[in-house]
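**Q** The structure's right below; bear with me while I get my questions together.
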Amino acid sequence: MFEELAEKARITLQDKYSLRDLVVEWRRPQEKAQGDAATTIALKLAKNLKKKPQEVAQVLCDALQKSPGVEKAEVAGAGYVNVWLTPEALIRELSITEEACSPRPASKGKGPVIIDYSQPNIAKPLGVHHILSTVVGQCLCNLHRHLGYEVVGWNYIGDWGTQFGKLAVAWEKWGKGKPVSEYSLDELLELYVRFHAEAEKDKTLDDAARAAFLKLEQGDKNLRSFWEGVVKVTKASLAAIYERLHVRFDTDIGESFYEDKMQPILEEGRKKKVFVEGEEGSLIVTFKDEEKLPPFLVQKGDGATLYATRDLAQIRYRIDTFHPQAILYVVDVAQQLYFQQLFKTVSRLDWKLPLLEHVVFGRMRFADQAMSTRKGTVLKLEHVLDEAVSRAQEAITAHRDSIQTDDEASLAEMMGTGALVYGILSQNRKMDLIFDWEKVLSLDGNSAPYLQYTHARACSVLRKAETNDFALPQKSQALTDRERSLIGTLLTFPAVLEDARAQRMPHTLANYLYALCQEFNSFYNSEPILKAEERQRTLRLSLTSLAARVLKTGAELLTLRVPERM
Ligand code: ARG
């Protein structure tokens with residue numbers, strides 16, 4: 001319908017004012033009093049046409065007034081055009097929302113979008129802060145895939161670096177001969193922590209660690225198998241958490257993979273004079289004054305490579321192997337400068353590049369002081385998840401009379417993990433994030449439990465209707481205000497998805513779902529659904545069914561799950 005409107009408007013204005021290649025954009029107004037669709041085209045054109053905006057707007061209104069599907073068209077304010085659609089046209093338009101609930105088939109050709117996210121460092125348990133990159137990244141994967149993009153979800157794990165030398169030394173000294181495969185992640189962490197404590201007293205330990213890492217790099221058999229063991233133990237423990245969060249990667253090729261892929265790039269950079277000699281034989285990239293970037297170190301004086309060297313090799317590899325249209329790096333704002341340097345450097349190397357984008361996110365703070373100030377130790381993600389689930393369990397117990405379920409444990413898991421994740425994804429990722437247990441678990445605020453409850457409520461209405469056929473009615477009828485308003489909110493779903501994807505902003509989707517929940521609940525509270533007369537009942541049930549589908553689709557894109565009963 002919007003397309004038809006745009007077409008009609010385009011032809012009208014082109015004919016009237018002898019224009020060509022005009023594009024008329026329509027949007028859904030925020031205010032209900034402004035109708036179902038609005039355009040500012042008259043304001044835009046008036047100046048060049050040397051006409052009053054209202055006059056141009058009136059020409060448009062007169063033409064639209066006569067179009068099928070239009071109930072009325074009005075000039076407003078300085079020259080806006082507001083259009084009200086007929087009930088029939090509005091209902092017809094809902095089929096686009098319905099379609100938006102199914103994934104679009106992947107369109108090949110432009111190459112995949114690679115999304116680099118989660119990226120924990122091996123041999124350490126996931127800290128609570130890891131959840132940010134993990135869920136923002138997964139949501140972006142889901143959105144792209146749903147909208148027909150090919151996606152490579154990439155867990156670029158930190159499985160290389162001097163920490164392995166430290167761990168190897170600690171294991172040899174204090175490991176009592178226990179094979180690595182029998183270690184838990186916590187025990188490995190203990191070894192690591194012990195290394196640091198002892199290294200304060202014994203300065204030779206750091207040298208030993210460096211030597212061990214060098215041996216590992218040179219391919220020492222024992223150290224290799226030790227390293228493999230550590231990677232295996234860590235991955236097994238990560239897998240369990242990812243599963244709980246509905247996070248799935250297409251690959252977890254990590255930093256170690258690029259070990260033999262860095263030399264050619266260092267050579268290329270030197271030849272192209274992008275990498276120049278820095279202090280003590282190191283290689284650096286320098287930038288022009290106006291770029292306001294400090295030099296970028298790509299190789300140390302002793303020939304050792306760095307995180308940056310691996311990232312360079314990684315970009316080359318990704319381009320050659322996947323021919324991506326874009327690579328998105330979902331990484332902490334602390335690495336903003338680093339990514340600016342990295343992206344500038346590869347553009348200087350003159351590679352044919354895909355879009356490279358650093359998708360930043362801020363810091364996470366707990367409103368609950370006790371959680372943010374546990375000094376020294378990282379707050380483990382697993383513990384925070386468990387805490388979320390046990391708090392959800394308490395909420396279920398407290399609302400026993402209104403919450404119904406035959407499987408309390410899985411509802412608590414769904415609510416708890418959902419609350420944690422939604423608490424993050426519903427906030428603007430660019431800002432520091434404040435995490436408040438009360439808020440994220442509340443049953444009637446902008447929270448996962450509220451969304452889950454609303455979905456279950458809609459499902460319960462549908463269960464009670466003695467039919468499964470919730471097709472949208474074809475015939476016209478007058479709409480009540482509540483119906484119109486619910487339809488209006490449902491209609492914006494496709495645009496919200498595209499917006500959240502294009503801006504890489506999951507909170508746009510979360511906040512939309514919250515608005516839809518509120519809209520649906522006030523509809524539910526004020527209009528009889530099952531007891532309405534035949535024609536209205538059909539419409540109201542199909543709106544309920546569509547609202548449930550949109551809530552479920554949106555929630556799953558945010559990595560959440562919603563119950564049928566609750
Ligand atoms: N593992 C890194 C860290 O913990 C983040 C990796 C981000 N991705 C990348 N391609 N650099 O800091």
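Scheme for the structure tokens: letters A, B, ... for chains in order shown; per-chain residue numbers from 1; ligand numbers from 1 in order shown.
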Could the residues that lie within 7 Å of ligand 1, counting only C-alpha atoms and all ligand atoms, be listed as a PyMOL selection string?
**A** chain A and resi 116-117+119-121+156-158+311+329+331
**Q** Go ahead and save the residues from that selection, with N, CA, C and O atoms, as a tab-separated table (two decimals), in the first residue's frame.
**A**
```
chain	number	residue	atom	x	y	z
A	116	ASP	N	32.11	-10.74	13.72
A	116	ASP	CA	33.17	-11.18	14.63
A	116	ASP	C	32.71	-10.81	16.04
A	116	ASP	O	32.59	-9.63	16.36
A	117	TYR	N	32.39	-11.80	16.86
A	117	TYR	CA	31.81	-11.47	18.17
A	117	TYR	C	32.14	-12.51	19.24
A	117	TYR	O	32.65	-13.57	18.93
A	119	GLN	N	34.45	-13.62	21.14
A	119	GLN	CA	35.92	-13.54	21.19
A	119	GLN	C	36.57	-13.66	22.57
A	119	GLN	O	37.39	-12.81	22.95
A	120	PRO	N	36.22	-14.66	23.36
A	120	PRO	CA	36.87	-14.76	24.68
A	120	PRO	C	38.32	-15.23	24.53
A	120	PRO	O	38.68	-15.78	23.50
A	121	ASN	N	39.09	-14.99	25.56
A	121	ASN	CA	40.45	-15.50	25.56
A	121	ASN	C	40.47	-16.85	26.25
A	121	ASN	O	39.85	-17.04	27.30
A	156	TYR	N	36.04	-15.26	17.21
A	156	TYR	CA	37.48	-15.11	17.02
A	156	TYR	C	38.17	-15.27	18.37
A	156	TYR	O	38.46	-14.29	19.06
A	157	ILE	N	38.38	-16.50	18.75
A	157	ILE	CA	38.86	-16.70	20.11
A	157	ILE	C	40.34	-16.36	20.27
A	157	ILE	O	41.13	-16.53	19.35
A	158	GLY	N	40.66	-15.86	21.45
A	158	GLY	CA	42.04	-15.49	21.76
A	158	GLY	C	42.77	-16.73	22.25
A	158	GLY	O	42.85	-16.98	23.45
A	311	ASP	N	45.34	-9.62	13.35
A	311	ASP	CA	44.13	-9.02	12.77
A	311	ASP	C	44.33	-8.65	11.30
A	311	ASP	O	43.41	-8.77	10.50
A	329	TYR	N	32.92	-5.91	13.54
A	329	TYR	CA	33.63	-6.32	14.74
A	329	TYR	C	32.85	-5.82	15.95
A	329	TYR	O	32.79	-4.61	16.18
A	331	VAL	N	33.01	-5.23	19.38
A	331	VAL	CA	34.08	-5.17	20.39
A	331	VAL	C	33.94	-3.91	21.24
A	331	VAL	O	33.53	-2.85	20.77
```
**Q** Contacts of His358 (chain A) at 10 Å or less, counting only C-alpha atoms, minus same-chain residues fewer than 2 places along, as a PyMOL selection string?
**A** chain A and resi 116+327-333+335-336+338-340+343+356+360-361
**Q** Now that the selection is made, can you save its residues with C-alpha atoms as a short mmCIF file (atom, residue, chain, number, x, y, z; two decimals), in the first residue's frame?
**A**
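Resulting contents of again.cif:
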```cif
data_model
loop_
_atom_site.label_atom_id
_atom_site.label_comp_id
_atom_site.auth_asym_id
_atom_site.auth_seq_id
_atom_site.Cartn_x
_atom_site.Cartn_y
_atom_site.Cartn_z
CA ASP A 116 33.17 -11.18 14.63
CA ILE A 327 33.01 -7.44 8.33
CA LEU A 328 31.51 -6.23 11.59
CA TYR A 329 33.63 -6.32 14.74
CA VAL A 330 31.51 -6.33 17.86
CA VAL A 331 34.08 -5.17 20.39
CA ASP A 332 34.34 -3.03 23.52
CA VAL A 333 34.70 0.73 23.08
CA GLN A 335 39.43 -0.83 21.32
CA GLN A 336 38.05 2.08 19.32
CA TYR A 338 42.88 0.28 17.79
CA PHE A 339 40.25 -0.39 15.13
CA GLN A 340 40.69 3.05 13.61
CA PHE A 343 41.17 -0.01 9.26
CA LEU A 356 34.82 -2.70 7.80
CA VAL A 360 31.14 -0.58 19.72
CA PHE A 361 29.45 -1.05 23.02
#
```
**Q** Skipping near chain neighbours, those fewer than 6 positions away, what residues fall within 10 Å of Arg20 (chain A) using only C-alpha atoms, listed as a PDB file with N, CA and C atoms, in the first residue's frame?
**A**
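Contents of the output file part-v3.pdb:
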```pdb
ATOM      1  N   ARG A  10       3.939  10.147  -6.833  1.00  0.00           N
ATOM      2  CA  ARG A  10       5.017  10.449  -7.769  1.00  0.00           C
ATOM      3  C   ARG A  10       4.438  10.900  -9.116  1.00  0.00           C
ATOM      4  N   ILE A  11       3.513  10.095  -9.623  1.00  0.00           N
ATOM      5  CA  ILE A  11       2.954  10.404 -10.936  1.00  0.00           C
ATOM      6  C   ILE A  11       2.202  11.734 -10.912  1.00  0.00           C
ATOM      7  N   LEU A  13       2.624  14.383  -8.976  1.00  0.00           N
ATOM      8  CA  LEU A  13       3.495  15.553  -8.894  1.00  0.00           C
ATOM      9  C   LEU A  13       4.343  15.724 -10.150  1.00  0.00           C
ATOM     10  N   GLN A  14       4.786  14.617 -10.698  1.00  0.00           N
ATOM     11  CA  GLN A  14       5.586  14.705 -11.927  1.00  0.00           C
ATOM     12  C   GLN A  14       4.777  15.328 -13.062  1.00  0.00           C
TER      13      GLN A  14
END
```
**Q** May I have the residues within 12 Å of Cys459 (chain A) as a list in words, using only C-alpha atoms and disregarding those fewer than 3 positions away in the same chain?
**A** Gln452, Tyr453, Thr454, His455, Ala456, Leu462, Arg463, Lys464, Ala465, Asn468, Leu541, Ser542, Leu543, Thr544, Ser545, Leu546, Ala547, Ala548, Arg549, Leu551, Lys552, Val562, Pro563, Glu564, Arg565 and Met566 of chain A
**Q** Per DSSP on the backbone, what are the strand (DSSP E) residues of region 255-501 of chain A, as a count of residues only?
**A** 29
**Q** Can you pull out the residues contacting region 260-265 of chain A? Cut-off 9 Å, using only C-alpha atoms, and skip same-chain residues under 6 positions away; I want them as a ChimeraX atom specification.
**A** /A:305,309-310,312-314,316-317
**Q** With all heavy atoms retained, could you export that selection as a compact mmCIF listing (two decimals), in the first residue's frame?
**A**
```txt
# COMPACT_ATOMS: atom_id res chain seq x y z
N THR A 305 55.27 -11.18 16.76
CA THR A 305 54.06 -10.59 16.19
C THR A 305 53.09 -10.23 17.31
O THR A 305 53.29 -10.61 18.45
CB THR A 305 53.38 -11.58 15.24
OG1 THR A 305 53.10 -12.77 15.97
CG2 THR A 305 54.26 -11.88 14.06
N THR A 309 49.01 -7.79 14.31
CA THR A 309 49.53 -8.53 13.15
C THR A 309 48.54 -9.64 12.77
O THR A 309 48.27 -9.89 11.60
CB THR A 309 50.90 -9.17 13.48
OG1 THR A 309 51.56 -8.40 14.47
CG2 THR A 309 51.74 -9.28 12.23
N ARG A 310 48.00 -10.28 13.78
CA ARG A 310 47.03 -11.35 13.51
C ARG A 310 45.75 -10.79 12.90
O ARG A 310 45.15 -11.39 12.01
CB ARG A 310 46.73 -12.11 14.81
CG ARG A 310 47.89 -12.99 15.23
CD ARG A 310 47.56 -13.85 16.42
NE ARG A 310 47.64 -13.14 17.68
CZ ARG A 310 48.78 -12.88 18.31
NH1 ARG A 310 49.94 -13.25 17.80
NH2 ARG A 310 48.79 -12.24 19.46
N LEU A 312 45.53 -8.21 10.96
CA LEU A 312 45.81 -7.91 9.55
C LEU A 312 45.70 -9.19 8.71
O LEU A 312 45.05 -9.21 7.67
CB LEU A 312 47.22 -7.32 9.41
CG LEU A 312 47.42 -5.91 9.96
CD1 LEU A 312 48.91 -5.56 10.04
CD2 LEU A 312 46.70 -4.90 9.06
N ALA A 313 46.34 -10.25 9.20
CA ALA A 313 46.31 -11.52 8.47
C ALA A 313 44.88 -12.05 8.38
O ALA A 313 44.47 -12.64 7.37
CB ALA A 313 47.20 -12.53 9.17
N GLN A 314 44.14 -11.81 9.42
CA GLN A 314 42.76 -12.27 9.51
C GLN A 314 41.89 -11.56 8.47
O GLN A 314 41.05 -12.18 7.80
CB GLN A 314 42.31 -12.04 10.96
CG GLN A 314 40.88 -12.13 11.28
CD GLN A 314 40.32 -10.74 11.26
OE1 GLN A 314 39.63 -10.38 10.32
NE2 GLN A 314 40.63 -9.94 12.27
N ARG A 316 42.95 -10.28 5.60
CA ARG A 316 43.37 -10.84 4.30
C ARG A 316 42.70 -12.20 4.08
O ARG A 316 42.12 -12.48 3.04
CB ARG A 316 44.89 -10.99 4.33
CG ARG A 316 45.59 -11.39 3.04
CD ARG A 316 45.52 -10.34 1.97
NE ARG A 316 44.47 -10.63 1.02
CZ ARG A 316 44.01 -9.77 0.12
NH1 ARG A 316 44.48 -8.54 0.06
NH2 ARG A 316 43.07 -10.11 -0.71
N TYR A 317 42.78 -13.04 5.08
CA TYR A 317 42.23 -14.40 4.97
C TYR A 317 40.72 -14.36 4.73
O TYR A 317 40.18 -15.08 3.90
CB TYR A 317 42.54 -15.19 6.25
CG TYR A 317 41.92 -16.57 6.24
CD1 TYR A 317 42.51 -17.62 5.52
CD2 TYR A 317 40.75 -16.83 6.95
CE1 TYR A 317 41.93 -18.88 5.51
CE2 TYR A 317 40.17 -18.09 6.94
CZ TYR A 317 40.76 -19.11 6.21
OH TYR A 317 40.17 -20.36 6.20
```
**Q** So that I can check the secondary structure, give me every residue of region 161-323 of chain A assigned alpha helix (DSSP H) by backbone DSSP, as number ranges by chain.
**A** A: 163-174, 185-201, 204-217, 221-244, 263-271, 307-322
**Q** When you count only C-alpha atoms, which of these residues is closest to Ser237 (chain A): A:Ser225, A:Thr559, A:Thr405, A:Ser184?
**A**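 Nearest candidate to Ser237 (chain A) out of A:Ser225, A:Thr559, A:Thr405, A:Ser184: A:Ser184.
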**Q** Hey, can you check how far CA of Pro528 (chain A) sits from CA of Ser485 (chain A)?
**A**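 Separation of CA of Pro528 (chain A) and CA of Ser485 (chain A): 15.8 Å.
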